[in-house]
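Structure below is my_file37.txt: compact mmCIF, C-alpha atoms.
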```
# COMPACT_ATOMS: atom_id res chain seq x y z
CA MET A 1 75.92 81.94 78.27
CA LYS A 2 77.38 79.75 81.00
CA ARG A 3 75.19 80.17 83.98
CA THR A 4 74.46 77.88 86.85
CA LEU A 5 70.79 77.19 87.19
CA GLU A 6 69.63 78.79 90.39
CA TRP A 7 66.28 78.61 92.05
CA GLN A 8 64.66 81.96 92.73
CA ILE A 9 61.36 83.12 94.14
CA ALA A 10 58.66 84.13 91.66
CA THR A 11 55.71 86.25 92.74
CA VAL A 12 52.37 85.83 91.01
CA LYS A 13 51.54 89.27 89.59
CA ALA A 14 48.41 88.50 87.59
CA ILE A 15 46.17 85.58 86.68
CA ARG A 16 44.18 85.39 83.47
CA GLN A 17 41.63 82.74 82.55
CA GLU A 18 42.35 81.61 78.98
CA THR A 19 39.79 78.81 78.60
CA ALA A 20 37.65 76.79 81.02
CA ASN A 21 40.67 74.77 82.22
CA VAL A 22 43.63 76.89 81.18
CA LYS A 23 45.06 79.86 83.04
CA THR A 24 47.99 82.18 82.44
CA LEU A 25 50.05 83.23 85.45
CA THR A 26 52.25 86.31 85.16
CA LEU A 27 55.29 85.78 87.38
CA ALA A 28 57.48 88.66 88.53
CA LEU A 29 61.13 87.65 88.89
CA LEU A 30 63.76 89.63 90.78
CA LYS A 31 66.56 87.89 88.85
CA TRP A 32 64.85 88.07 85.47
CA VAL A 33 67.02 87.46 82.41
CA PRO A 34 65.83 87.59 78.80
CA HIS A 35 64.83 84.15 77.53
CA ARG A 36 64.96 82.72 74.04
CA PRO A 37 61.43 82.15 72.73
CA GLY A 38 60.60 78.45 73.17
CA GLN A 39 62.45 78.06 76.48
CA HIS A 40 60.81 77.03 79.72
CA TYR A 41 61.09 77.39 83.48
CA ASP A 42 61.06 74.64 86.07
CA ILE A 43 58.64 75.25 88.92
CA ARG A 44 59.12 73.63 92.32
CA LEU A 45 56.39 73.45 94.92
CA THR A 46 57.28 72.34 98.42
CA ALA A 47 54.74 71.25 101.00
CA GLU A 48 55.07 71.98 104.71
CA ASP A 49 56.28 68.42 105.32
CA GLY A 50 59.13 68.95 102.87
CA TYR A 51 57.62 66.93 100.02
CA SER A 52 58.30 68.69 96.77
CA ALA A 53 57.16 68.32 93.18
CA GLN A 54 58.77 69.83 90.12
CA ARG A 55 57.40 70.51 86.63
CA SER A 56 58.44 72.36 83.48
CA TYR A 57 56.32 75.11 82.01
CA SER A 58 56.98 76.83 78.70
CA ILE A 59 57.21 80.59 78.68
CA GLY A 60 54.35 82.11 76.66
CA SER A 61 55.51 85.71 76.74
CA GLU A 62 58.12 87.47 74.63
CA PRO A 63 61.57 88.32 76.05
CA GLU A 64 61.00 91.98 75.22
CA ARG A 65 58.72 92.13 78.28
CA HIS A 66 61.17 92.82 81.07
CA GLY A 67 61.09 91.56 84.66
CA GLU A 68 58.28 89.07 84.24
CA ILE A 69 57.20 85.98 82.34
CA ASP A 70 53.88 84.37 81.53
CA ILE A 71 53.37 80.66 82.01
CA THR A 72 50.17 79.01 80.85
CA VAL A 73 48.88 76.08 82.82
CA GLU A 74 46.38 73.49 81.68
CA ARG A 75 44.62 71.79 84.52
CA ILE A 76 45.34 68.07 84.34
CA ARG A 77 42.86 65.89 86.17
CA ASP A 78 44.54 64.01 89.03
CA GLY A 79 47.68 66.07 88.45
CA GLU A 80 49.91 66.97 91.34
CA VAL A 81 50.98 70.47 90.39
CA SER A 82 48.55 71.87 87.83
CA PRO A 83 45.45 71.76 90.07
CA PHE A 84 47.40 73.78 92.62
CA LEU A 85 48.51 76.35 90.05
CA ASP A 86 45.03 76.44 88.58
CA ASP A 87 42.80 76.47 91.67
CA VAL A 88 44.79 77.50 94.70
CA VAL A 89 47.25 80.14 93.58
CA VAL A 90 46.21 83.78 94.00
CA VAL A 91 47.92 87.04 93.10
CA GLY A 92 50.76 87.68 95.54
CA ASP A 93 51.62 84.01 96.09
CA ARG A 94 55.25 82.98 95.76
CA PHE A 95 56.97 79.80 94.69
CA GLU A 96 60.37 78.65 93.43
CA VAL A 97 61.35 78.71 89.77
CA ARG A 98 64.55 78.26 87.78
CA GLY A 99 65.30 79.12 84.18
CA PRO A 100 65.23 79.97 81.39
CA ILE A 101 66.03 76.41 80.29
CA GLY A 102 66.53 74.71 76.93
CA GLY A 103 68.36 75.55 73.71
CA TYR A 104 66.97 73.20 71.08
CA PHE A 105 63.35 74.24 70.66
CA VAL A 106 64.03 77.98 70.34
CA TRP A 107 63.57 80.59 67.64
CA GLU A 108 64.73 84.16 67.49
CA ALA A 109 63.96 86.66 64.73
CA SER A 110 67.64 86.59 63.71
CA ASP A 111 67.22 82.88 62.86
CA GLY A 112 65.02 83.91 59.94
CA GLY A 113 62.30 81.87 58.32
CA PRO A 114 59.86 81.39 56.77
CA LEU A 115 58.37 80.07 59.94
CA LEU A 116 55.81 77.28 60.15
CA LEU A 117 54.44 76.75 63.64
CA VAL A 118 52.27 73.72 64.38
CA ALA A 119 50.57 73.32 67.76
CA GLY A 120 48.11 71.04 69.48
CA GLY A 121 46.30 72.21 72.62
CA SER A 122 48.63 73.71 75.22
CA GLY A 123 51.51 73.06 72.80
CA ILE A 124 50.72 76.57 71.60
CA VAL A 125 52.54 78.11 74.58
CA PRO A 126 56.20 78.08 73.42
CA LEU A 127 55.09 78.91 69.87
CA MET A 128 53.19 81.92 71.22
CA ALA A 129 56.45 83.21 72.71
CA MET A 130 57.97 82.98 69.22
CA ALA A 131 55.00 84.72 67.57
CA ARG A 132 54.90 87.48 70.20
CA HIS A 133 58.68 87.98 69.92
CA ARG A 134 58.36 88.21 66.13
CA ALA A 135 55.74 90.93 66.58
CA ALA A 136 57.61 92.75 69.35
CA VAL A 137 60.76 93.21 67.26
CA GLY A 138 58.76 94.05 64.12
CA ALA A 139 60.22 91.12 62.19
CA THR A 140 58.87 90.65 58.68
CA VAL A 141 59.74 86.94 58.55
CA PRO A 142 56.70 85.25 56.96
CA ALA A 143 55.02 83.11 59.61
CA ARG A 144 52.10 80.71 59.60
CA LEU A 145 50.52 78.91 62.54
CA LEU A 146 48.48 75.74 62.27
CA TYR A 147 46.73 75.22 65.58
CA SER A 148 44.60 72.24 66.59
CA SER A 149 42.06 72.57 69.41
CA ARG A 150 39.13 70.44 70.47
CA SER A 151 36.50 73.15 70.14
CA PHE A 152 36.24 76.89 69.58
CA ASP A 153 36.08 77.49 73.34
CA ASP A 154 39.26 75.44 73.87
CA ILE A 155 41.39 77.74 71.69
CA ILE A 156 44.05 79.16 74.01
CA TYR A 157 45.08 82.81 73.35
CA ARG A 158 42.24 83.18 70.82
CA ALA A 159 41.95 86.96 71.05
CA ASP A 160 45.74 87.47 71.09
CA LEU A 161 46.11 85.27 68.01
CA ASP A 162 43.48 87.38 66.23
CA THR A 163 45.47 90.50 67.10
CA LEU A 164 48.76 88.97 65.90
CA ALA A 165 46.99 88.02 62.67
CA LYS A 166 45.46 91.47 62.06
CA ARG A 167 48.32 93.63 63.22
CA ASP A 168 51.50 91.62 62.72
CA GLY A 169 50.91 89.45 59.68
CA LEU A 170 50.90 86.09 61.47
CA GLN A 171 48.74 83.82 59.33
CA VAL A 172 46.66 81.66 61.63
CA PHE A 173 44.93 78.43 60.58
CA HIS A 174 42.73 76.78 63.18
CA THR A 175 41.47 73.24 63.14
CA LEU A 176 38.75 72.13 65.54
CA THR A 177 38.72 68.38 66.03
CA ARG A 178 35.68 67.71 68.20
CA SER A 179 33.08 70.35 67.56
CA GLN A 180 32.80 73.40 65.36
CA PRO A 181 30.54 76.44 65.73
CA GLU A 182 27.93 77.03 63.07
CA GLY A 183 29.39 78.48 59.90
CA TRP A 184 32.96 77.46 60.86
CA GLN A 185 35.31 78.22 57.97
CA GLY A 186 38.50 76.56 59.28
CA PHE A 187 39.66 72.97 59.24
CA ALA A 188 37.57 70.44 61.17
CA ARG A 189 39.71 67.33 61.57
CA ARG A 190 42.93 66.17 63.22
CA ILE A 191 46.14 67.48 61.69
CA ASP A 192 47.19 65.27 58.79
CA ASP A 193 49.63 65.26 55.85
CA ARG A 194 47.27 67.08 53.54
CA MET A 195 46.61 69.87 56.03
CA VAL A 196 50.29 70.46 56.77
CA ALA A 197 51.10 70.43 53.03
CA GLU A 198 48.33 72.95 52.34
CA VAL A 199 49.37 75.38 55.09
CA ASN A 200 53.08 75.05 54.23
CA LYS A 201 52.52 75.38 50.49
CA PRO A 202 53.89 78.93 50.02
CA PHE A 203 57.01 78.06 52.05
CA GLY A 204 57.87 74.68 50.56
CA PRO A 205 61.20 73.13 51.62
CA LYS A 206 62.50 76.48 52.94
CA ALA A 207 60.27 76.41 56.01
CA GLN A 208 61.71 76.41 59.51
CA VAL A 209 59.25 74.19 61.35
CA PHE A 210 58.44 74.10 65.07
CA ILE A 211 55.91 71.55 66.27
CA CYS A 212 54.64 71.26 69.83
CA GLY A 213 51.84 69.10 71.15
CA PRO A 214 51.00 65.56 72.18
CA THR A 215 53.21 62.79 70.76
CA ALA A 216 50.74 61.61 68.10
CA LEU A 217 50.31 65.11 66.69
CA VAL A 218 54.05 65.81 66.81
CA GLU A 219 54.88 62.64 64.88
CA THR A 220 52.16 63.16 62.26
CA ALA A 221 53.10 66.79 61.67
CA ALA A 222 56.86 66.10 61.55
CA ASP A 223 56.38 63.30 59.00
CA ALA A 224 54.07 65.54 56.98
CA ALA A 225 56.61 68.38 56.95
CA GLU A 226 59.28 65.96 55.73
CA ALA A 227 56.89 64.67 53.07
CA ALA A 228 56.43 68.31 52.00
CA GLY A 229 60.16 68.45 51.32
CA VAL A 230 61.44 70.13 54.51
CA ALA A 231 64.80 68.69 55.61
CA ALA A 232 64.73 66.96 59.00
CA GLU A 233 67.26 69.47 60.44
CA ARG A 234 64.74 72.27 59.82
CA ILE A 235 62.02 70.50 61.80
CA LYS A 236 62.11 70.86 65.58
CA THR A 237 59.69 69.15 67.90
CA GLU A 238 58.67 69.28 71.53
CA ARG A 239 56.33 66.72 73.03
CA PHE A 240 53.93 68.21 75.50
CA GLY A 241 52.58 65.58 77.64
CA PRO A 242 50.57 65.35 80.72
CA THR A 243 53.65 66.39 82.61
CA GLY A 244 52.22 69.63 82.85
CA ALA A 245 50.49 67.64 85.51
CA MET B 1 44.05 54.02 80.71
CA GLU B 2 47.05 55.83 79.34
CA SER B 3 49.86 53.74 77.91
CA GLU B 4 53.44 54.50 78.75
CA ARG B 5 53.81 55.83 75.23
CA ASP B 6 51.10 58.43 75.80
CA LEU B 7 53.09 59.63 78.79
CA MET B 8 56.31 59.81 76.81
CA LEU B 9 58.05 63.15 76.58
CA ASP B 10 61.29 64.21 74.99
CA GLY B 11 64.64 65.58 76.09
CA ASN B 12 63.28 69.13 76.23
CA ALA B 13 61.43 68.12 79.39
CA ALA B 14 64.68 66.96 81.00
CA ALA B 15 66.61 70.14 80.12
CA GLY B 16 66.64 71.51 83.66
CA VAL B 17 67.85 68.30 85.30
CA LEU B 18 70.48 67.77 82.58
CA GLN B 19 71.77 71.32 82.99
CA GLU B 20 71.92 70.82 86.75
CA ILE B 21 74.05 67.67 86.30
CA PHE B 22 76.33 68.74 83.44
CA GLY B 23 76.52 72.48 84.14
CA GLU B 24 75.65 73.35 80.54
CA GLU B 25 72.61 73.58 78.35
CA MET B 26 72.45 69.96 77.13
CA THR B 27 69.42 69.67 74.82
CA THR B 28 71.60 70.49 71.81
CA ALA B 29 74.40 68.08 72.88
CA LEU B 30 74.87 65.20 70.44
CA THR B 31 74.63 61.72 71.94
CA THR B 32 75.41 58.44 70.20
CA CYS B 33 73.38 55.39 71.17
CA ASP B 34 75.59 52.53 72.31
CA GLU B 35 73.12 49.99 70.94
CA CYS B 36 72.48 51.23 67.38
CA ALA B 37 75.01 54.07 66.96
CA THR B 38 72.34 56.60 66.00
CA GLY B 39 73.33 60.17 66.87
CA SER B 40 70.63 62.38 68.36
CA GLN B 41 70.51 65.75 70.03
CA MET B 42 69.42 65.18 73.61
CA ALA B 43 66.18 67.10 72.97
CA MET B 44 65.16 64.30 70.61
CA LEU B 45 65.61 61.45 73.09
CA ARG B 46 62.44 59.81 74.39
CA VAL B 47 61.90 60.65 78.02
CA PHE B 48 59.90 58.53 80.44
CA SER B 49 59.29 60.23 83.75
CA GLY B 50 56.50 58.13 85.19
CA GLY B 51 58.73 56.19 87.60
CA PRO B 52 60.86 57.43 90.48
CA GLY B 53 63.55 58.70 88.10
CA LEU B 54 64.02 59.74 84.50
CA VAL B 55 64.78 57.32 81.68
CA LEU B 56 66.06 58.63 78.35
CA ARG B 57 65.79 56.29 75.38
CA CYS B 58 67.15 56.35 71.84
CA PRO B 59 64.53 57.66 69.37
CA ALA B 60 65.68 55.14 66.74
CA CYS B 61 65.91 51.84 68.64
CA GLU B 62 64.41 52.79 72.03
CA ALA B 63 67.39 51.35 73.94
CA VAL B 64 67.91 52.94 77.34
CA MET B 65 70.65 55.57 77.04
CA VAL B 66 70.54 57.52 80.31
CA ARG B 67 68.97 56.91 83.72
CA ILE B 68 68.77 59.64 86.32
CA ALA B 69 67.53 59.25 89.88
CA GLN B 70 67.49 62.14 92.32
CA THR B 71 67.45 60.85 95.88
CA PRO B 72 68.06 62.27 99.34
CA ARG B 73 71.56 60.72 99.14
CA GLY B 74 72.38 62.47 95.88
CA THR B 75 71.82 62.21 92.16
CA PHE B 76 72.54 58.89 90.44
CA VAL B 77 73.39 59.09 86.72
CA ASP B 78 73.79 55.94 84.62
CA VAL B 79 75.01 56.66 81.08
CA ARG B 80 75.94 53.12 80.02
CA GLY B 81 73.71 53.38 76.96
CA VAL B 82 75.61 56.38 75.58
CA ARG B 83 78.66 55.59 73.45
CA GLN B 84 79.70 59.19 73.06
CA MET B 85 78.49 62.64 73.98
CA ARG B 86 79.49 65.83 72.19
CA LEU B 87 78.79 68.89 74.27
CA PRO B 88 78.12 72.15 72.45
CA LEU B 89 80.93 74.70 72.41
CA PRO B 90 80.53 77.20 75.23
CA SER B 91 78.35 79.92 73.77
CA ILE B 92 79.74 83.43 73.60
CA ARG B 93 76.49 85.16 74.41
```
Since I need it in another form, could you write the structure as structure tokens?
Amino acid sequence: MKRTLEWQIATVKAIRQETANVKTLTLALLKWVPHRPGQHYDIRLTAEDGYSAQRSYSIGSEPERHGEIDITVERIRDGEVSPFLDDVVVVGDRFEVRGPIGGYFVWEASDGGPLLLVAGGSGIVPLMAMARHRAAVGATVPARLLYSSRSFDDIIYRADLDTLAKRDGLQVFHTLTRSQPEGWQGFARRIDDRMVAEVNKPFGPKAQVFICGPTALVETAADAAEAAGVAAERIKTERFGPTGA
Amino acid sequence: MESERDLMLDGNAAAGVLQEIFGEEMTTALTTCDECATGSQMAMLRVFSGGPGLVLRCPACEAVMVRIAQTPRGTFVDVRGVRQMRLPLPSIR
């Protein structure tokens, strides 16, 4: 699909609070085109004096939802863009976006599986687009998600993940690294080799692996997947840094 | 204090700028490092965006491969660190 990247105006259609410092913005796009799950949009904010700042945000929604996309924004302290998107933006606001962008960190149901998704924090966003797409097209590709959050209240998309687990056969494994509620049954440490091996066990070397999160998590999980026998070409990574800033 | 490494991203974060410059989706393009000859898809390059421009480094030896600076006078692209680039075939979708 050869297509020049063009800026267009997005209108904020809805805002949903996901956690204390994470919000999802639904953006309506006049020139919407279906994205590939895992792709992102660039967002450009321009001040009255002409100063502009640009950031990339992964699309969290599935391409089967026409005319609009969800982006999920984590508020980064001292950030330039995220505090604006998090605190200032209200329904009806408009700003410039361009996309969908990227072709490496993408998965479509036709790519098959089994699918191992590994996320840390807001790294869940592009993987959520994959999981929602899998559900929307009724794919039966076996899929497992290992998701690391600081605490129970920091789990982004918690209710939606529960629904995907109950209704669409996505197997979700949470790990909470900082604090765990009483009676917590899931993992309670940072992602390590043993954890990745355990979650990937039924898939073995056949897994298609997508990992998104901070650099340390990405490197640990990618090494662990290789140690579990998955060929490097089947492991795709995206580092999510404080650029969301 | 965050180290530069904590702020490191990868080529996925540069996808929009690369597509703007080359006119194609570039994260799946194969680049060969001029320093160590390692071939990497652009998505796998290390990206440092803390300065005024973007610096893309080889994931194997960390040599600088690409520098991009967008200025009011235009976009400067320095690709001295890339020995070869193989762009993906135009997709038929």
Checklist entry - Hey, can you check how far atom CA of A:Val22 sits from atom CA of A:Thr72? => result 6.9 Å
Checklist entry - Contacts of stretch 154-158 of chain A at 12 Å or less, counting all atoms listed in the file, minus same-chain residues fewer than 2 places along, as number ranges by chain? => result A: 16-24, 60-61, 72-74, 119-125, 127-129, 131-132, 146-152, 160-165, 172-181
Checklist entry - Looking at B:Val82, B:Ala37, B:Leu54, B:Ala43, which one is nearest to chain A, with distances taken over all atoms listed in the file? => result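 Closest to chain A, using all atoms listed in the file: B:Ala43.
Nearest residue to B:Thr27 among A:Ala221, A:Ile101, A:Leu117, A:Ala136 is A:Ile101, counting all atoms listed in the file.
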Next on the checklist: One decimal, in Å: what's the spacing between atom CA of A:Asp193 and atom CA of B:Glu62?
Outcome noted: 25.2 Å
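The neighbours of A:Ala224 here are the residues that come within 8 Å of it, using only C-alpha atoms and leaving out any residue fewer than 6 positions away in the same chain; they are Asp192, Asp193, Arg194, Val196 and Ala197 of chain A.
With distances restricted to all atoms listed in the file, A:Ala216 is the closest residue to chain B from A:Ile59, A:Ala222, A:Ala216, A:Ala143.
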Output requested as a PDB file, keeping the file's coordinate frame - stretch 83-105 of chain A, filled out with N, CA, C and O atoms.
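As a result, rebuild32.pdb now contains:
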```
ATOM      1  N   PRO A  83      46.645  71.322  89.329  1.00  0.00           N
ATOM      2  CA  PRO A  83      45.450  71.760  90.070  1.00  0.00           C
ATOM      3  C   PRO A  83      45.776  72.839  91.097  1.00  0.00           C
ATOM      4  O   PRO A  83      44.977  73.745  91.329  1.00  0.00           O
ATOM      5  N   PHE A  84      46.985  72.743  91.670  1.00  0.00           N
ATOM      6  CA  PHE A  84      47.400  73.780  92.620  1.00  0.00           C
ATOM      7  C   PHE A  84      47.550  75.115  91.908  1.00  0.00           C
ATOM      8  O   PHE A  84      47.016  76.133  92.341  1.00  0.00           O
ATOM      9  N   LEU A  85      48.277  75.100  90.774  1.00  0.00           N
ATOM     10  CA  LEU A  85      48.510  76.350  90.050  1.00  0.00           C
ATOM     11  C   LEU A  85      47.197  76.906  89.516  1.00  0.00           C
ATOM     12  O   LEU A  85      47.013  78.111  89.382  1.00  0.00           O
ATOM     13  N   ASP A  86      46.267  76.007  89.208  1.00  0.00           N
ATOM     14  CA  ASP A  86      45.030  76.440  88.580  1.00  0.00           C
ATOM     15  C   ASP A  86      43.980  76.895  89.594  1.00  0.00           C
ATOM     16  O   ASP A  86      43.246  77.842  89.358  1.00  0.00           O
ATOM     17  N   ASP A  87      43.909  76.221  90.739  1.00  0.00           N
ATOM     18  CA  ASP A  87      42.800  76.470  91.670  1.00  0.00           C
ATOM     19  C   ASP A  87      43.212  77.246  92.909  1.00  0.00           C
ATOM     20  O   ASP A  87      42.414  77.984  93.479  1.00  0.00           O
ATOM     21  N   VAL A  88      44.425  77.013  93.377  1.00  0.00           N
ATOM     22  CA  VAL A  88      44.790  77.500  94.700  1.00  0.00           C
ATOM     23  C   VAL A  88      45.538  78.830  94.654  1.00  0.00           C
ATOM     24  O   VAL A  88      45.348  79.698  95.495  1.00  0.00           O
ATOM     25  N   VAL A  89      46.374  78.970  93.638  1.00  0.00           N
ATOM     26  CA  VAL A  89      47.250  80.140  93.580  1.00  0.00           C
ATOM     27  C   VAL A  89      46.455  81.430  93.392  1.00  0.00           C
ATOM     28  O   VAL A  89      45.523  81.478  92.592  1.00  0.00           O
ATOM     29  N   VAL A  90      46.826  82.454  94.166  1.00  0.00           N
ATOM     30  CA  VAL A  90      46.210  83.780  94.000  1.00  0.00           C
ATOM     31  C   VAL A  90      47.330  84.809  93.803  1.00  0.00           C
ATOM     32  O   VAL A  90      48.498  84.530  94.087  1.00  0.00           O
ATOM     33  N   VAL A  91      46.947  85.967  93.314  1.00  0.00           N
ATOM     34  CA  VAL A  91      47.920  87.040  93.100  1.00  0.00           C
ATOM     35  C   VAL A  91      48.648  87.326  94.412  1.00  0.00           C
ATOM     36  O   VAL A  91      48.020  87.404  95.471  1.00  0.00           O
ATOM     37  N   GLY A  92      49.961  87.440  94.344  1.00  0.00           N
ATOM     38  CA  GLY A  92      50.760  87.680  95.540  1.00  0.00           C
ATOM     39  C   GLY A  92      51.446  86.440  96.064  1.00  0.00           C
ATOM     40  O   GLY A  92      52.392  86.528  96.846  1.00  0.00           O
ATOM     41  N   ASP A  93      50.974  85.256  95.651  1.00  0.00           N
ATOM     42  CA  ASP A  93      51.620  84.010  96.090  1.00  0.00           C
ATOM     43  C   ASP A  93      53.034  83.914  95.524  1.00  0.00           C
ATOM     44  O   ASP A  93      53.345  84.501  94.488  1.00  0.00           O
ATOM     45  N   ARG A  94      53.871  83.148  96.218  1.00  0.00           N
ATOM     46  CA  ARG A  94      55.250  82.980  95.760  1.00  0.00           C
ATOM     47  C   ARG A  94      55.596  81.511  95.698  1.00  0.00           C
ATOM     48  O   ARG A  94      55.142  80.727  96.519  1.00  0.00           O
ATOM     49  N   PHE A  95      56.392  81.143  94.708  1.00  0.00           N
ATOM     50  CA  PHE A  95      56.970  79.800  94.690  1.00  0.00           C
ATOM     51  C   PHE A  95      58.306  79.837  93.960  1.00  0.00           C
ATOM     52  O   PHE A  95      58.702  80.864  93.412  1.00  0.00           O
ATOM     53  N   GLU A  96      59.015  78.681  93.996  1.00  0.00           N
ATOM     54  CA  GLU A  96      60.370  78.650  93.430  1.00  0.00           C
ATOM     55  C   GLU A  96      60.353  78.306  91.946  1.00  0.00           C
ATOM     56  O   GLU A  96      59.628  77.410  91.518  1.00  0.00           O
ATOM     57  N   VAL A  97      61.185  78.997  91.196  1.00  0.00           N
ATOM     58  CA  VAL A  97      61.350  78.710  89.770  1.00  0.00           C
ATOM     59  C   VAL A  97      62.838  78.759  89.425  1.00  0.00           C
ATOM     60  O   VAL A  97      63.633  79.376  90.131  1.00  0.00           O
ATOM     61  N   ARG A  98      63.204  78.094  88.325  1.00  0.00           N
ATOM     62  CA  ARG A  98      64.550  78.260  87.780  1.00  0.00           C
ATOM     63  C   ARG A  98      64.469  78.238  86.255  1.00  0.00           C
ATOM     64  O   ARG A  98      63.682  77.501  85.671  1.00  0.00           O
ATOM     65  N   GLY A  99      65.304  79.060  85.631  1.00  0.00           N
ATOM     66  CA  GLY A  99      65.300  79.120  84.180  1.00  0.00           C
ATOM     67  C   GLY A  99      65.962  80.398  83.703  1.00  0.00           C
ATOM     68  O   GLY A  99      66.570  81.093  84.522  1.00  0.00           O
ATOM     69  N   PRO A 100      65.864  80.752  82.442  1.00  0.00           N
ATOM     70  CA  PRO A 100      65.230  79.970  81.390  1.00  0.00           C
ATOM     71  C   PRO A 100      66.079  78.761  80.999  1.00  0.00           C
ATOM     72  O   PRO A 100      67.294  78.793  81.103  1.00  0.00           O
ATOM     73  N   ILE A 101      65.394  77.696  80.546  1.00  0.00           N
ATOM     74  CA  ILE A 101      66.030  76.410  80.290  1.00  0.00           C
ATOM     75  C   ILE A 101      65.738  75.954  78.861  1.00  0.00           C
ATOM     76  O   ILE A 101      64.637  76.156  78.354  1.00  0.00           O
ATOM     77  N   GLY A 102      66.730  75.304  78.250  1.00  0.00           N
ATOM     78  CA  GLY A 102      66.530  74.710  76.930  1.00  0.00           C
ATOM     79  C   GLY A 102      67.220  75.524  75.840  1.00  0.00           C
ATOM     80  O   GLY A 102      67.360  76.737  75.967  1.00  0.00           O
ATOM     81  N   GLY A 103      67.667  74.843  74.781  1.00  0.00           N
ATOM     82  CA  GLY A 103      68.360  75.550  73.710  1.00  0.00           C
ATOM     83  C   GLY A 103      68.085  74.945  72.350  1.00  0.00           C
ATOM     84  O   GLY A 103      68.573  75.408  71.331  1.00  0.00           O
ATOM     85  N   TYR A 104      67.260  73.912  72.334  1.00  0.00           N
ATOM     86  CA  TYR A 104      66.970  73.200  71.080  1.00  0.00           C
ATOM     87  C   TYR A 104      65.709  73.754  70.429  1.00  0.00           C
ATOM     88  O   TYR A 104      65.725  74.168  69.274  1.00  0.00           O
ATOM     89  N   PHE A 105      64.643  73.792  71.200  1.00  0.00           N
ATOM     90  CA  PHE A 105      63.350  74.240  70.660  1.00  0.00           C
ATOM     91  C   PHE A 105      63.224  75.745  70.869  1.00  0.00           C
ATOM     92  O   PHE A 105      62.441  76.215  71.694  1.00  0.00           O
TER      93      PHE A 105
END
```
